[in-house]
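Below is entry.pdb, holding PDB, C-alpha atoms.
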ATOM      1  CA  GLY A 285      88.835  19.856  48.013  1.00  0.00           C
ATOM      2  CA  VAL A 286      86.430  20.127  45.062  1.00  0.00           C
ATOM      3  CA  GLU A 287      86.230  16.356  44.503  1.00  0.00           C
ATOM      4  CA  ALA A 288      85.580  15.751  48.205  1.00  0.00           C
ATOM      5  CA  ILE A 289      82.766  18.327  48.056  1.00  0.00           C
ATOM      6  CA  ARG A 290      81.294  16.754  44.901  1.00  0.00           C
ATOM      7  CA  ASN A 291      81.463  13.264  46.457  1.00  0.00           C
ATOM      8  CA  ASN A 292      79.709  14.492  49.621  1.00  0.00           C
ATOM      9  CA  GLU A 293      82.760  13.592  51.717  1.00  0.00           C
ATOM     10  CA  VAL A 294      82.796  17.138  53.141  1.00  0.00           C
ATOM     11  CA  ASP A 295      80.228  19.947  53.250  1.00  0.00           C
ATOM     12  CA  PHE A 296      82.700  22.695  52.359  1.00  0.00           C
ATOM     13  CA  ALA A 297      86.404  23.496  52.136  1.00  0.00           C
ATOM     14  CA  VAL A 298      88.518  26.519  53.030  1.00  0.00           C
ATOM     15  CA  GLY A 299      91.533  27.409  50.911  1.00  0.00           C
ATOM     16  CA  PRO A 300      92.700  28.982  47.660  1.00  0.00           C
ATOM     17  CA  MET A 301      90.985  28.392  44.319  1.00  0.00           C
ATOM     18  CA  LEU A 302      92.193  29.673  40.964  1.00  0.00           C
ATOM     19  CA  GLU A 303      89.402  28.361  38.710  1.00  0.00           C
ATOM     20  CA  VAL A 304      85.851  27.894  39.981  1.00  0.00           C
ATOM     21  CA  PRO A 305      83.820  25.105  38.303  1.00  0.00           C
ATOM     22  CA  ALA A 306      80.181  25.853  37.387  1.00  0.00           C
ATOM     23  CA  ASP A 307      78.769  23.516  40.054  1.00  0.00           C
ATOM     24  CA  ILE A 308      80.795  25.117  42.854  1.00  0.00           C
ATOM     25  CA  ILE A 309      80.428  28.324  44.858  1.00  0.00           C
ATOM     26  CA  TYR A 310      83.662  29.988  45.967  1.00  0.00           C
ATOM     27  CA  LYS A 311      83.761  33.205  47.971  1.00  0.00           C
ATOM     28  CA  GLN A 312      87.034  34.881  48.904  1.00  0.00           C
ATOM     29  CA  VAL A 313      87.253  35.501  52.624  1.00  0.00           C
ATOM     30  CA  TYR A 314      90.896  36.229  53.490  1.00  0.00           C
ATOM     31  CA  ARG A 315      93.598  38.130  51.606  1.00  0.00           C
ATOM     32  CA  PHE A 316      97.279  37.515  52.187  1.00  0.00           C
ATOM     33  CA  VAL A 317     100.141  39.492  50.691  1.00  0.00           C
ATOM     34  CA  PRO A 318     103.329  38.025  49.274  1.00  0.00           C
ATOM     35  CA  VAL A 319     106.422  38.913  51.292  1.00  0.00           C
ATOM     36  CA  LEU A 320     110.157  38.518  50.952  1.00  0.00           C
ATOM     37  CA  ILE A 321     111.612  36.998  54.111  1.00  0.00           C
ATOM     38  CA  MET A 322     115.236  37.332  55.172  1.00  0.00           C
ATOM     39  CA  PRO A 323     117.278  36.982  58.350  1.00  0.00           C
ATOM     40  CA  PHE A 324     118.036  39.975  60.551  1.00  0.00           C
ATOM     41  CA  GLY A 325     121.151  41.777  59.344  1.00  0.00           C
ATOM     42  CA  HIS A 326     120.699  40.808  55.685  1.00  0.00           C
ATOM     43  CA  PRO A 327     121.867  43.522  53.230  1.00  0.00           C
ATOM     44  CA  LEU A 328     118.318  43.903  51.814  1.00  0.00           C
ATOM     45  CA  ALA A 329     116.808  44.405  55.287  1.00  0.00           C
ATOM     46  CA  SER A 330     117.752  48.087  55.405  1.00  0.00           C
ATOM     47  CA  MET A 331     116.448  48.861  51.905  1.00  0.00           C
ATOM     48  CA  GLU A 332     113.146  50.733  51.773  1.00  0.00           C
ATOM     49  CA  ASP A 333     112.072  49.409  48.368  1.00  0.00           C
ATOM     50  CA  VAL A 334     113.463  46.000  47.398  1.00  0.00           C
ATOM     51  CA  SER A 335     113.296  45.228  43.671  1.00  0.00           C
ATOM     52  CA  LEU A 336     113.169  41.852  41.944  1.00  0.00           C
ATOM     53  CA  ARG A 337     116.646  42.568  40.592  1.00  0.00           C
ATOM     54  CA  ASP A 338     117.845  43.010  44.197  1.00  0.00           C
ATOM     55  CA  ILE A 339     116.220  39.731  45.250  1.00  0.00           C
ATOM     56  CA  VAL A 340     117.741  37.554  42.505  1.00  0.00           C
ATOM     57  CA  GLN A 341     121.254  38.533  43.620  1.00  0.00           C
ATOM     58  CA  TYR A 342     120.712  36.028  46.455  1.00  0.00           C
ATOM     59  CA  GLU A 343     119.806  32.355  46.484  1.00  0.00           C
ATOM     60  CA  LEU A 344     116.165  31.486  47.116  1.00  0.00           C
ATOM     61  CA  ILE A 345     114.606  28.801  49.262  1.00  0.00           C
ATOM     62  CA  LEU A 346     111.392  27.677  47.587  1.00  0.00           C
ATOM     63  CA  PRO A 347     108.803  24.926  47.864  1.00  0.00           C
ATOM     64  CA  PRO A 348     109.056  22.038  45.354  1.00  0.00           C
ATOM     65  CA  LYS A 349     108.508  22.875  41.682  1.00  0.00           C
ATOM     66  CA  HIS A 350     105.124  21.161  41.416  1.00  0.00           C
ATOM     67  CA  LEU A 351     103.516  23.548  43.933  1.00  0.00           C
ATOM     68  CA  ASN A 352     101.705  26.782  42.971  1.00  0.00           C
ATOM     69  CA  THR A 353     104.020  29.049  44.964  1.00  0.00           C
ATOM     70  CA  TRP A 354     107.079  27.914  43.016  1.00  0.00           C
ATOM     71  CA  ARG A 355     105.234  28.414  39.718  1.00  0.00           C
ATOM     72  CA  ILE A 356     104.114  31.917  40.684  1.00  0.00           C
ATOM     73  CA  VAL A 357     107.635  32.958  41.732  1.00  0.00           C
ATOM     74  CA  ASP A 358     109.111  31.443  38.573  1.00  0.00           C
ATOM     75  CA  ASP A 359     106.479  33.069  36.310  1.00  0.00           C
ATOM     76  CA  VAL A 360     107.016  36.539  37.781  1.00  0.00           C
ATOM     77  CA  LEU A 361     110.808  36.330  37.567  1.00  0.00           C
ATOM     78  CA  GLN A 362     110.678  34.914  34.012  1.00  0.00           C
ATOM     79  CA  LYS A 363     108.262  37.694  32.983  1.00  0.00           C
ATOM     80  CA  HIS A 364     110.847  40.220  34.185  1.00  0.00           C
ATOM     81  CA  LYS A 365     113.586  38.253  32.370  1.00  0.00           C
ATOM     82  CA  LEU A 366     115.467  37.596  35.605  1.00  0.00           C
ATOM     83  CA  SER A 367     117.377  34.421  36.327  1.00  0.00           C
ATOM     84  CA  TYR A 368     117.633  33.146  39.882  1.00  0.00           C
ATOM     85  CA  LYS A 369     119.243  30.375  41.885  1.00  0.00           C
ATOM     86  CA  THR A 370     117.487  28.094  44.311  1.00  0.00           C
ATOM     87  CA  SER A 371     119.692  27.021  47.216  1.00  0.00           C
ATOM     88  CA  LEU A 372     117.132  24.651  48.752  1.00  0.00           C
ATOM     89  CA  GLU A 373     113.663  23.261  48.220  1.00  0.00           C
ATOM     90  CA  ALA A 374     111.591  22.661  51.328  1.00  0.00           C
ATOM     91  CA  TRP A 375     108.110  21.211  51.650  1.00  0.00           C
ATOM     92  CA  SER A 376     106.710  23.239  54.555  1.00  0.00           C
ATOM     93  CA  TRP A 377     106.624  26.935  55.369  1.00  0.00           C
ATOM     94  CA  GLU A 378     107.998  26.186  58.844  1.00  0.00           C
ATOM     95  CA  ILE A 379     111.103  24.554  57.360  1.00  0.00           C
ATOM     96  CA  ILE A 380     111.525  27.350  54.799  1.00  0.00           C
ATOM     97  CA  LYS A 381     111.321  29.976  57.556  1.00  0.00           C
ATOM     98  CA  LYS A 382     113.855  28.083  59.695  1.00  0.00           C
ATOM     99  CA  TYR A 383     116.313  27.836  56.773  1.00  0.00           C
ATOM    100  CA  VAL A 384     115.904  31.577  56.118  1.00  0.00           C
ATOM    101  CA  GLU A 385     116.493  32.330  59.828  1.00  0.00           C
ATOM    102  CA  LEU A 386     119.705  30.271  59.573  1.00  0.00           C
ATOM    103  CA  GLY A 387     120.884  32.459  56.662  1.00  0.00           C
ATOM    104  CA  LEU A 388     120.697  29.738  53.996  1.00  0.00           C
ATOM    105  CA  GLY A 389     118.797  31.942  51.533  1.00  0.00           C
ATOM    106  CA  LEU A 390     115.811  34.232  51.062  1.00  0.00           C
ATOM    107  CA  SER A 391     112.254  33.196  50.341  1.00  0.00           C
ATOM    108  CA  ILE A 392     109.015  34.586  48.985  1.00  0.00           C
ATOM    109  CA  VAL A 393     106.033  33.429  51.034  1.00  0.00           C
ATOM    110  CA  THR A 394     102.500  34.589  51.728  1.00  0.00           C
ATOM    111  CA  SER A 395     101.800  36.485  54.915  1.00  0.00           C
ATOM    112  CA  VAL A 396      99.511  33.655  56.098  1.00  0.00           C
ATOM    113  CA  SER A 397     102.647  31.643  56.870  1.00  0.00           C
ATOM    114  CA  LEU A 398     104.013  34.245  59.311  1.00  0.00           C
ATOM    115  CA  THR A 399     103.082  34.133  62.994  1.00  0.00           C
ATOM    116  CA  GLY A 400     105.127  37.115  64.159  1.00  0.00           C
ATOM    117  CA  ASN A 401     107.334  34.891  66.322  1.00  0.00           C
ATOM    118  CA  GLU A 402     109.932  34.295  63.605  1.00  0.00           C
ATOM    119  CA  GLN A 403     113.394  35.823  63.736  1.00  0.00           C
ATOM    120  CA  LEU A 404     112.924  37.300  60.257  1.00  0.00           C
ATOM    121  CA  ILE A 405     112.454  40.535  58.366  1.00  0.00           C
ATOM    122  CA  ALA A 406     109.456  40.530  55.997  1.00  0.00           C
ATOM    123  CA  LYS A 407     109.067  43.007  53.126  1.00  0.00           C
ATOM    124  CA  PRO A 408     105.793  43.178  51.147  1.00  0.00           C
ATOM    125  CA  LEU A 409     106.027  42.255  47.468  1.00  0.00           C
ATOM    126  CA  SER A 410     102.470  42.981  46.252  1.00  0.00           C
ATOM    127  CA  LYS A 411     104.055  45.319  43.722  1.00  0.00           C
ATOM    128  CA  TYR A 412     105.415  42.258  41.879  1.00  0.00           C
ATOM    129  CA  PHE A 413     103.462  39.190  42.991  1.00  0.00           C
ATOM    130  CA  PRO A 414      99.701  38.588  43.143  1.00  0.00           C
ATOM    131  CA  ASP A 415      97.948  38.611  46.494  1.00  0.00           C
ATOM    132  CA  TYR A 416      96.811  35.215  47.723  1.00  0.00           C
ATOM    133  CA  TYR A 417      93.210  34.586  48.714  1.00  0.00           C
ATOM    134  CA  TYR A 418      91.580  31.936  50.868  1.00  0.00           C
ATOM    135  CA  GLY A 419      87.880  31.381  50.550  1.00  0.00           C
ATOM    136  CA  VAL A 420      85.015  29.041  51.288  1.00  0.00           C
ATOM    137  CA  THR A 421      84.148  26.455  48.635  1.00  0.00           C
ATOM    138  CA  MET A 422      80.872  24.514  48.566  1.00  0.00           C
ATOM    139  CA  LYS A 423      78.332  22.980  46.188  1.00  0.00           C
ATOM    140  CA  ARG A 424      76.105  25.390  44.324  1.00  0.00           C
ATOM    141  CA  LYS A 425      73.123  23.121  45.050  1.00  0.00           C
ATOM    142  CA  GLY A 426      72.611  21.336  48.319  1.00  0.00           C
ATOM    143  CA  ASN A 427      72.016  22.012  51.956  1.00  0.00           C
ATOM    144  CA  LEU A 428      74.635  22.526  54.624  1.00  0.00           C
ATOM    145  CA  SER A 429      74.323  21.073  58.073  1.00  0.00           C
ATOM    146  CA  LEU A 430      73.678  23.633  60.809  1.00  0.00           C
ATOM    147  CA  PRO A 431      77.173  23.134  62.340  1.00  0.00           C
ATOM    148  CA  ALA A 432      78.775  23.679  58.898  1.00  0.00           C
ATOM    149  CA  LYS A 433      76.701  26.814  58.314  1.00  0.00           C
ATOM    150  CA  ASN A 434      77.558  28.147  61.781  1.00  0.00           C
ATOM    151  CA  PHE A 435      81.269  27.516  61.194  1.00  0.00           C
ATOM    152  CA  ILE A 436      81.211  29.352  57.855  1.00  0.00           C
ATOM    153  CA  GLU A 437      79.434  32.292  59.517  1.00  0.00           C
ATOM    154  CA  LEU A 438      82.241  32.387  62.105  1.00  0.00           C
ATOM    155  CA  ILE A 439      84.738  32.687  59.257  1.00  0.00           C
ATOM    156  CA  ASP A 440      82.657  35.267  57.371  1.00  0.00           C
ATOM    157  CA  PRO A 441      79.466  36.618  58.996  1.00  0.00           C
ATOM    158  CA  SER A 442      78.278  37.988  55.625  1.00  0.00           C
ATOM    159  CA  PHE A 443      78.845  34.754  53.672  1.00  0.00           C
ATOM    160  CA  PHE A 444      75.171  33.830  53.296  1.00  0.00           C
ATOM    161  CA  GLN A 445      73.880  37.365  52.693  1.00  0.00           C
ATOM    162  CA  ALA A 446      72.732  38.057  49.132  1.00  0.00           C
ATOM    163  CA  SER A 447      75.274  40.021  47.146  1.00  0.00           C
TER     164      SER A 447
END

Could you write out this structure as structure tokens?
Amino acid sequence: GVEAIRNNEVDFAVGPMLEVPADIIYKQVYRFVPVLIMPFGHPLASMEDVSLRDIVQYELILPPKHLNTWRIVDDVLQKHKLSYKTSLEAWSWEIIKKYVELGLGLSIVTSVSLTGNEQLIAKPLSKYFPDYYYGVTMKRKGNLSLPAKNFIELIDPSFFQAS
């Protein structure tokens, strides 16, 4: 994203950003919460408050280790000195959700990945994991085309207002 913006390949990008370079503007637009997903009928489904210790009793389905989500899950569980088992690694959220629906494990995903049509139970985990933000990224200096500006204003009507 950032390199494409710097090279004038794109006017802007929408997505997460952890560190914002000096030549880039990033404004958070959407907030998504981390959730534990499990199939209907799972023993944790009836619990009001699911703890990390409860979660690690079951195998997890996670994205590959080189992705941010895996690192965040691993960091939080390591910080709490909890060991866990991964039953499967899957590249896409759709595959992860399908494997969870089939009862092959639990997963920790962001709410952006849920459509509401899944056959899953989702429990918020903001108590343990950081919220996930999507924002608009663009060059600090430079002009946007009118269509790009209009699109960004559709995403966030206040984006171009002085803060």

Inset, instruction - Name the residues that the PyMOL selection byres ((chain A and resi 426) around 12) pulls out of this structure, and write them as a ChimeraX atom specification. - result: /A:289-290,292,295-296,307-309,422-425,427-429

Inset, instruction - Specify as a PyMOL selection string each residue included when the PyMOL selection byres ((chain A and resi 345-353) around 12) is applied to this file. - result: chain A and resi 300-302+318-322+339-340+342-344+354-360+368-394+413-416

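Between atom CA of A:Ile439 and atom CA of A:Pro305 the separation is 22.3 Å.
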
Inset, instruction - I would like the residues chosen by the PyMOL selection byres ((chain A and resi 420) around 8) on the shown file; could you give them as a PyMOL selection string? - result: chain A and resi 296-299+309-313+418-419+421-422+436

Please save C-alpha atoms of the selected residues as a PDB file, in the coordinates of the input.
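Saved to again_20.pdb:
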ATOM      1  CA  PHE A 296      82.700  22.695  52.359  1.00  0.00           C
ATOM      2  CA  ALA A 297      86.404  23.496  52.136  1.00  0.00           C
ATOM      3  CA  VAL A 298      88.518  26.519  53.030  1.00  0.00           C
ATOM      4  CA  GLY A 299      91.533  27.409  50.911  1.00  0.00           C
ATOM      5  CA  ILE A 309      80.428  28.324  44.858  1.00  0.00           C
ATOM      6  CA  TYR A 310      83.662  29.988  45.967  1.00  0.00           C
ATOM      7  CA  LYS A 311      83.761  33.205  47.971  1.00  0.00           C
ATOM      8  CA  GLN A 312      87.034  34.881  48.904  1.00  0.00           C
ATOM      9  CA  VAL A 313      87.253  35.501  52.624  1.00  0.00           C
ATOM     10  CA  TYR A 418      91.580  31.936  50.868  1.00  0.00           C
ATOM     11  CA  GLY A 419      87.880  31.381  50.550  1.00  0.00           C
ATOM     12  CA  THR A 421      84.148  26.455  48.635  1.00  0.00           C
ATOM     13  CA  MET A 422      80.872  24.514  48.566  1.00  0.00           C
ATOM     14  CA  ILE A 436      81.211  29.352  57.855  1.00  0.00           C
TER      15      ILE A 436
END

Legend entry - Using all atoms listed in the file: which of A:Gln362, A:Ser395, A:Ser367, A:Gln445 has the shortest distance to A:Leu409: A:Ser395
